[in-house]
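Text of the file coords16.txt, holding compact mmCIF, C-alpha atoms:
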# COMPACT_ATOMS: atom_id res chain seq x y z
CA LEU E 1 -0.34 4.68 5.82
CA GLY E 2 0.84 1.16 6.47
CA ALA E 3 0.87 1.80 10.19
CA ALA E 4 -2.69 3.15 10.03
CA VAL E 5 -3.87 0.00 8.24
CA ALA E 6 -2.13 -2.22 10.77
CA ARG E 7 -3.74 -0.30 13.64
CA ARG E 8 -7.23 -0.64 12.13
CA LEU E 9 -6.75 -4.37 11.52
CA ILE E 10 -5.49 -4.91 15.07
CA ARG E 11 -8.52 -3.10 16.45
CA GLU E 12 -10.76 -5.40 14.39
CA GLY E 13 -9.10 -8.45 15.90
CA ALA E 14 -6.62 -9.42 13.20
CA LYS E 15 -3.12 -10.74 13.76
CA VAL E 16 -0.71 -8.69 11.69
CA ALA E 17 2.72 -9.20 10.12
CA LEU E 18 4.64 -6.08 9.13
CA CYS E 19 7.79 -5.62 7.12
CA ALA E 20 9.92 -2.57 6.36
CA ARG E 21 13.48 -1.69 5.51
CA GLY E 22 14.04 0.49 8.59
CA VAL E 23 14.19 -1.53 11.81
CA GLU E 24 13.75 1.46 14.13
CA ARG E 25 10.46 2.66 12.63
CA LEU E 26 9.27 -0.92 12.17
CA GLU E 27 9.78 -1.80 15.82
CA ALA E 28 8.34 1.51 17.04
CA THR E 29 5.17 0.84 15.06
CA ALA E 30 4.97 -2.72 16.37
CA ALA E 31 5.48 -1.55 19.96
CA ALA E 32 2.57 0.87 19.64
CA LEU E 33 0.35 -1.87 18.22
CA ARG E 34 1.33 -4.33 20.94
CA ALA E 35 0.51 -1.69 23.53
CA GLU E 36 -3.05 -1.87 22.18
CA GLY E 37 -3.03 -5.65 22.65
CA GLY E 38 -2.10 -6.54 19.10
CA ASP E 39 -0.42 -9.79 18.08
CA VAL E 40 2.27 -8.47 15.73
CA LEU E 41 5.13 -10.06 13.82
CA THR E 42 7.87 -7.84 12.43
CA VAL E 43 10.34 -8.79 9.72
CA GLN E 44 13.00 -6.47 8.38
CA ALA E 45 12.75 -6.76 4.61
CA ASP E 46 13.38 -4.81 1.45
CA VAL E 47 10.45 -5.81 -0.75
CA SER E 48 12.36 -4.94 -3.91
CA LYS E 49 14.44 -8.08 -3.19
CA GLU E 50 12.75 -11.34 -4.17
CA TRP E 51 14.08 -13.59 -1.41
CA GLN E 52 13.21 -11.06 1.29
CA VAL E 53 9.59 -10.86 0.12
CA GLU E 54 9.34 -14.64 0.11
CA HIS E 55 10.90 -14.86 3.57
CA PHE E 56 8.42 -12.32 4.95
CA VAL E 57 5.33 -14.15 3.65
CA ASP E 58 6.64 -17.51 4.84
CA ALA E 59 7.48 -16.06 8.27
CA ALA E 60 3.91 -14.79 8.65
CA HIS E 61 2.54 -18.22 7.78
CA ALA E 62 4.93 -19.95 10.17
CA ARG E 63 3.99 -17.60 13.02
CA PHE E 64 0.22 -17.55 12.62
CA GLY E 65 -0.45 -20.85 10.85
CA ARG E 66 -2.43 -19.25 8.02
CA VAL E 67 -2.58 -16.22 5.75
CA ASP E 68 -5.96 -14.64 5.06
CA ALA E 69 -5.01 -11.31 3.53
CA LEU E 70 -2.18 -9.36 1.93
CA VAL E 71 -1.65 -5.60 1.61
CA ASN E 72 0.95 -4.51 -0.94
CA ASN E 73 1.89 -1.03 0.22
CA ALA E 74 5.37 -0.09 -0.94
CA GLY E 75 6.34 3.02 -2.83
CA THR E 76 7.90 6.42 -3.11
CA ALA E 77 6.77 9.65 -4.75
CA ALA E 78 8.97 9.49 -7.86
CA ALA E 79 7.62 11.85 -10.51
CA ARG E 80 9.49 14.00 -13.01
CA ALA E 81 10.00 14.58 -16.72
CA PHE E 82 10.17 11.40 -18.80
CA THR E 83 13.49 12.23 -20.44
CA SER E 84 15.17 12.75 -17.07
CA VAL E 85 14.48 9.19 -15.85
CA SER E 86 17.29 6.71 -16.42
CA ASP E 87 16.89 3.00 -17.08
CA ALA E 88 18.21 2.26 -13.60
CA GLU E 89 15.59 4.56 -12.06
CA TRP E 90 12.83 2.92 -14.09
CA GLU E 91 13.99 -0.49 -12.95
CA ALA E 92 14.20 0.55 -9.29
CA ASP E 93 10.69 2.01 -9.37
CA LEU E 94 9.22 -1.06 -11.03
CA GLN E 95 11.01 -3.38 -8.60
CA LEU E 96 9.58 -1.51 -5.61
CA LYS E 97 6.06 -0.77 -6.81
CA LEU E 98 5.24 -3.59 -9.21
CA PHE E 99 7.53 -6.58 -8.75
CA ALA E 100 7.21 -6.44 -4.95
CA ALA E 101 3.44 -6.88 -5.33
CA ILE E 102 3.90 -9.60 -7.94
CA ARG E 103 6.26 -11.58 -5.72
CA ALA E 104 4.28 -11.15 -2.50
CA SER E 105 1.05 -12.15 -4.25
CA ARG E 106 2.68 -15.17 -5.85
CA GLN E 107 4.10 -16.31 -2.52
CA ALA E 108 0.79 -15.75 -0.72
CA PHE E 109 -1.40 -17.44 -3.34
CA PRO E 110 -1.07 -21.05 -2.14
CA LEU E 111 -1.47 -19.93 1.48
CA LEU E 112 -4.65 -18.00 0.68
CA LYS E 113 -6.00 -21.05 -1.15
CA GLU E 114 -5.07 -23.20 1.84
CA ALA E 115 -7.06 -20.87 4.09
CA GLY E 116 -10.14 -21.25 1.87
CA GLY E 117 -9.80 -17.89 0.17
CA GLY E 118 -8.89 -14.39 1.19
CA ALA E 119 -8.21 -10.89 -0.05
CA ILE E 120 -5.41 -8.80 -1.50
CA VAL E 121 -5.32 -5.01 -1.57
CA ASN E 122 -2.78 -3.22 -3.75
CA VAL E 123 -2.12 0.34 -2.62
CA LEU E 124 -1.57 2.54 -5.67
CA ALA E 125 -1.99 6.22 -6.51
CA ILE E 126 -4.56 8.18 -8.50
CA GLY E 127 -1.92 8.68 -11.18
CA ALA E 128 -2.55 5.06 -12.15
CA LYS E 129 -5.86 6.16 -13.68
CA THR E 130 -5.01 9.75 -14.57
CA PRO E 131 -1.28 10.12 -15.26
CA GLY E 132 -0.14 13.65 -15.83
CA ALA E 133 2.86 15.28 -17.42
CA ASN E 134 6.11 14.83 -15.52
CA SER E 135 4.74 11.82 -13.64
CA SER E 136 7.30 9.21 -14.64
CA PRO E 137 8.17 6.63 -13.51
CA SER E 138 5.60 6.40 -10.73
CA SER E 139 2.37 6.74 -12.72
CA VAL E 140 3.47 4.01 -15.14
CA SER E 141 4.42 1.62 -12.33
CA ARG E 142 1.11 2.30 -10.61
CA ALA E 143 -0.87 1.75 -13.82
CA ALA E 144 0.81 -1.63 -14.14
CA GLY E 145 -0.28 -2.36 -10.58
CA MET E 146 -3.87 -1.63 -11.53
CA ALA E 147 -3.63 -4.05 -14.47
CA LEU E 148 -2.15 -6.66 -12.13
CA THR E 149 -5.09 -6.15 -9.77
CA LYS E 150 -7.67 -6.77 -12.48
CA SER E 151 -5.84 -9.73 -13.94
CA LEU E 152 -5.43 -11.51 -10.61
CA SER E 153 -9.04 -10.82 -9.61
CA LYS E 154 -10.20 -12.77 -12.66
CA GLU E 155 -7.63 -15.56 -12.38
CA TRP E 156 -7.91 -16.12 -8.63
CA GLY E 157 -11.59 -15.38 -8.12
CA PRO E 158 -12.53 -19.05 -8.60
CA HIS E 159 -10.31 -19.83 -5.59
CA GLY E 160 -12.24 -17.39 -3.41
CA ILE E 161 -9.47 -14.78 -3.51
CA ARG E 162 -10.59 -11.20 -4.02
CA VAL E 163 -8.11 -8.62 -5.37
CA ASN E 164 -8.73 -4.87 -5.24
CA ALA E 165 -6.74 -1.66 -5.39
CA VAL E 166 -6.93 1.58 -3.42
CA LEU E 167 -5.72 4.66 -5.29
CA VAL E 168 -4.43 7.33 -2.94
CA GLY E 169 -4.53 11.06 -3.55
CA ILE E 170 -3.10 13.50 -1.03
CA VAL E 171 -3.42 11.76 2.32
CA GLU E 172 -1.63 12.34 5.62
CA SER E 173 1.66 10.48 5.65
CA GLY E 174 5.20 10.70 6.92
CA GLN E 175 6.47 12.22 3.68
CA TRP E 176 4.26 15.30 4.11
CA VAL E 177 5.34 15.71 7.73
CA ARG E 178 8.96 15.62 6.62
CA ARG E 179 8.28 18.08 3.80
CA ALA E 180 6.59 20.51 6.20
CA HIS E 181 9.59 20.36 8.50
CA GLU E 182 11.94 20.95 5.56
CA VAL E 183 10.18 24.19 4.62
CA GLY E 184 9.75 25.26 8.24
CA LYS E 185 5.94 25.27 8.36
CA PRO E 186 3.50 23.68 10.83
CA VAL E 187 2.23 20.39 9.43
CA GLU E 188 -1.45 21.41 9.57
CA SER E 189 -0.98 24.70 7.71
CA PHE E 190 1.31 23.00 5.18
CA GLN E 191 -1.35 20.38 4.45
CA GLN E 192 -4.04 23.06 4.15
CA GLU E 193 -1.91 24.83 1.57
CA MET E 194 -1.43 21.56 -0.31
CA ALA E 195 -5.17 20.94 -0.44
CA ARG E 196 -5.84 24.47 -1.63
CA HIS E 197 -3.08 24.37 -4.25
CA ALA E 198 -4.20 20.96 -5.57
CA GLY E 199 -7.84 22.01 -5.74
CA ILE E 200 -9.20 19.11 -3.71
CA PRO E 201 -13.02 19.45 -3.85
CA LEU E 202 -13.47 18.48 -0.19
CA GLY E 203 -10.98 21.21 0.70
CA ARG E 204 -8.65 19.15 2.88
CA VAL E 205 -6.01 16.47 2.91
CA GLY E 206 -7.26 12.97 3.64
CA LYS E 207 -6.73 11.31 7.01
CA ALA E 208 -4.65 8.17 7.27
CA GLU E 209 -7.48 6.58 9.24
CA GLU E 210 -9.90 7.16 6.37
CA PHE E 211 -7.57 5.32 4.02
CA ALA E 212 -7.12 2.52 6.57
CA ASP E 213 -10.86 2.11 7.05
CA LEU E 214 -11.31 1.41 3.33
CA VAL E 215 -8.44 -1.08 3.18
CA ALA E 216 -9.75 -2.94 6.23
CA PHE E 217 -13.24 -3.06 4.71
CA LEU E 218 -11.93 -4.48 1.43
CA LEU E 219 -10.02 -7.18 3.31
CA SER E 220 -13.03 -8.16 5.39
CA PRO E 221 -15.98 -10.45 4.60
CA ARG E 222 -18.14 -7.30 4.48
CA ALA E 223 -16.65 -6.69 1.03
CA GLY E 224 -17.25 -10.29 -0.01
CA TYR E 225 -18.66 -9.39 -3.44
CA ILE E 226 -16.17 -6.67 -4.31
CA SER E 227 -13.25 -7.73 -6.49
CA GLY E 228 -11.27 -6.36 -9.40
CA THR E 229 -11.99 -2.73 -8.63
CA ALA E 230 -9.79 0.30 -8.00
CA ILE E 231 -11.22 2.82 -5.55
CA ASN E 232 -9.99 6.41 -5.26
CA VAL E 233 -9.31 7.89 -1.82
CA ASP E 234 -8.65 11.47 -2.92
CA GLY E 235 -11.41 13.82 -1.74
CA GLY E 236 -12.74 14.02 -5.32
CA LEU E 237 -9.41 15.26 -6.75
CA SER E 238 -9.08 12.82 -9.64
CA SER E 239 -11.02 13.38 -12.85
CA ALA E 240 -11.46 9.61 -13.26
CA VAL E 241 -14.24 7.60 -11.59

What's the structure tokens form of this structure?
Amino acid sequence: LGAAVARRLIREGAKVALCARGVERLEATAAALRAEGGDVLTVQADVSKEWQVEHFVDAAHARFGRVDALVNNAGTAAARAFTSVSDAEWEADLQLKLFAAIRASRQAFPLLKEAGGGAIVNVLAIGAKTPGANSSPSSVSRAAGMALTKSLSKEWGPHGIRVNAVLVGIVESGQWVRRAHEVGKPVESFQQEMARHAGIPLGRVGKAEEFADLVAFLLSPRAGYISGTAINVDGGLSSAV
């Protein structure tokens, strides 16, 4: 999903800084973007570590001279029974999904102000609005991310900084490709089964490009009066508006 967002932003003329823990996938993504003419900075970083988040944001500013937008898009699908989740697992999930966004936003804030305003998009999941049974710790971390989004939109709005969230349902991503390979099924048929089993009203899994189009819109001046909202990208799956 992060790669899809970067590709859409490159195609709209943005300069993009990417970070990830895995160098190989990070550089492969950057190479593909550069092949399309993109100006791309890559920084290996684990966003659950404070100093690495700060280094990434500062490196982007040093390279491009300004920061106009931030996408917080880190996470894993961690969901199981509440009593089976240890304190260490809670802490790891919160560090990755909540504190990474807190730290990146805090580091970007003065740079966004310096640029005259900008936009932040926090990528969450539909469980933030509609947590189900056996959804810990992820749904709780994501709900905190939604509260962070609303809080910052009110606090930073006077500085011209818009903050929104995109809540993802079942959308094409690397984890589903890997899962299909694990069970020995073609990716397309595996995703069709997922959509049918989940009861997605539109009858299909979302495309990464559809998610990326929304994120790019929210970052752009076209969404200049949209702030403090959380938009579902789930084919109508969630029961919450």

Gly38 of chain E surroundings by only C-alpha atoms, 12 Å radius, close-in-sequence under 6 positions cut, as a VMD selection string = chain E and resid 6 to 17 29 to 32

For Phe56 of chain E, the nearest of the candidates E:Lys154, E:Lys185, E:Arg21, E:Lys113, counting only C-alpha atoms |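 Answer, going by the shortest atom-to-atom distance: E:Arg21.
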
Closest-contact table, segment 176-216 of chain E side, partner segment 117-134 of chain E, 10 Å, counting all atoms listed in the file, as JSON lines:
{"residue": "E:Phe211", "atom": "CA", "partner": "E:Val123", "partner_atom": "CA", "distance": 9.9}
{"residue": "E:Val215", "atom": "CA", "partner": "E:Val121", "partner_atom": "CA", "distance": 6.9}
{"residue": "E:Ala216", "atom": "CA", "partner": "E:Val121", "partner_atom": "CA", "distance": 9.2}

Tell me, as a CSV table (one decimal) with C-alpha atoms, in the frame of the given file, which residues lie within 10 Å of Gln52 of chain E, counting all atoms listed in the file; anything in the same chain fewer than 5 positions away does not count.
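The resulting part_21.csv:
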chain,number,residue,atom,x,y,z
E,19,CYS,CA,7.8,-5.6,7.1
E,43,VAL,CA,10.3,-8.8,9.7
E,44,GLN,CA,13.0,-6.5,8.4
E,45,ALA,CA,12.8,-6.8,4.6
E,46,ASP,CA,13.4,-4.8,1.4
E,47,VAL,CA,10.4,-5.8,-0.8
E,57,VAL,CA,5.3,-14.2,3.6
E,58,ASP,CA,6.6,-17.5,4.8
E,100,ALA,CA,7.2,-6.4,-5.0
E,103,ARG,CA,6.3,-11.6,-5.7
E,104,ALA,CA,4.3,-11.2,-2.5

Rounded to one decimal place, report the atom CA of Ala81 of chain E-atom CA of Gly236 of chain E distance in Å.
-> 25.4 Å

Determine the nearest neighbour of Ile226 of chain E from the options E:Val241, E:Val168, E:Ile161, E:Ala198, counting all atoms listed in the file.
->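 Smallest distance to Ile226 of chain E is found for E:Ile161.
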
Between atom CA of Gly22 of chain E and atom CA of Gln175 of chain E, what is the spacing in Å?
-> 14.8 Å

For Trp90 of chain E, which of E:Ser238, E:Ala62, E:Pro137, E:Leu167 is the closest residue, counting only C-alpha atoms?
-> E:Pro137

Any idea what the distance is between atom CA of Ser220 of chain E and atom CA of Leu152 of chain E?
-> 18.0 Å

Among E:Ser173, E:Ser151, E:Ser239, E:Ser136, Glu209 of chain E is approached most closely, using all atoms listed in the file, by E:Ser173

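Proximity of E:Pro110, E:Pro186, E:Pro201, E:Gly174 to Thr76 of chain E, computed with all atoms listed in the file, is greatest for E:Gly174.
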
Contacts of Met194 of chain E at 10 Å or less, counting only C-alpha atoms, minus same-chain residues fewer than 3 places along, as a PyMOL selection string?
-> chain E and resi 170+176+188-191+197-200+203-205

Give as a PyMOL selection string each residue that has an atom at most 12 Å from (10.5, 11.5, -8.6) in the file, counting all atoms listed in the file.
-> chain E and resi 75-82+84-86+89-90+92-93+134-139

Find the residue from E:Gly206, E:Asn73, E:Thr229, E:Ala165 that sits nearest to Lys97 of chain E; use all atoms listed in the file when measuring.
->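 Among the listed residues, E:Asn73 lies closest to Lys97 of chain E.
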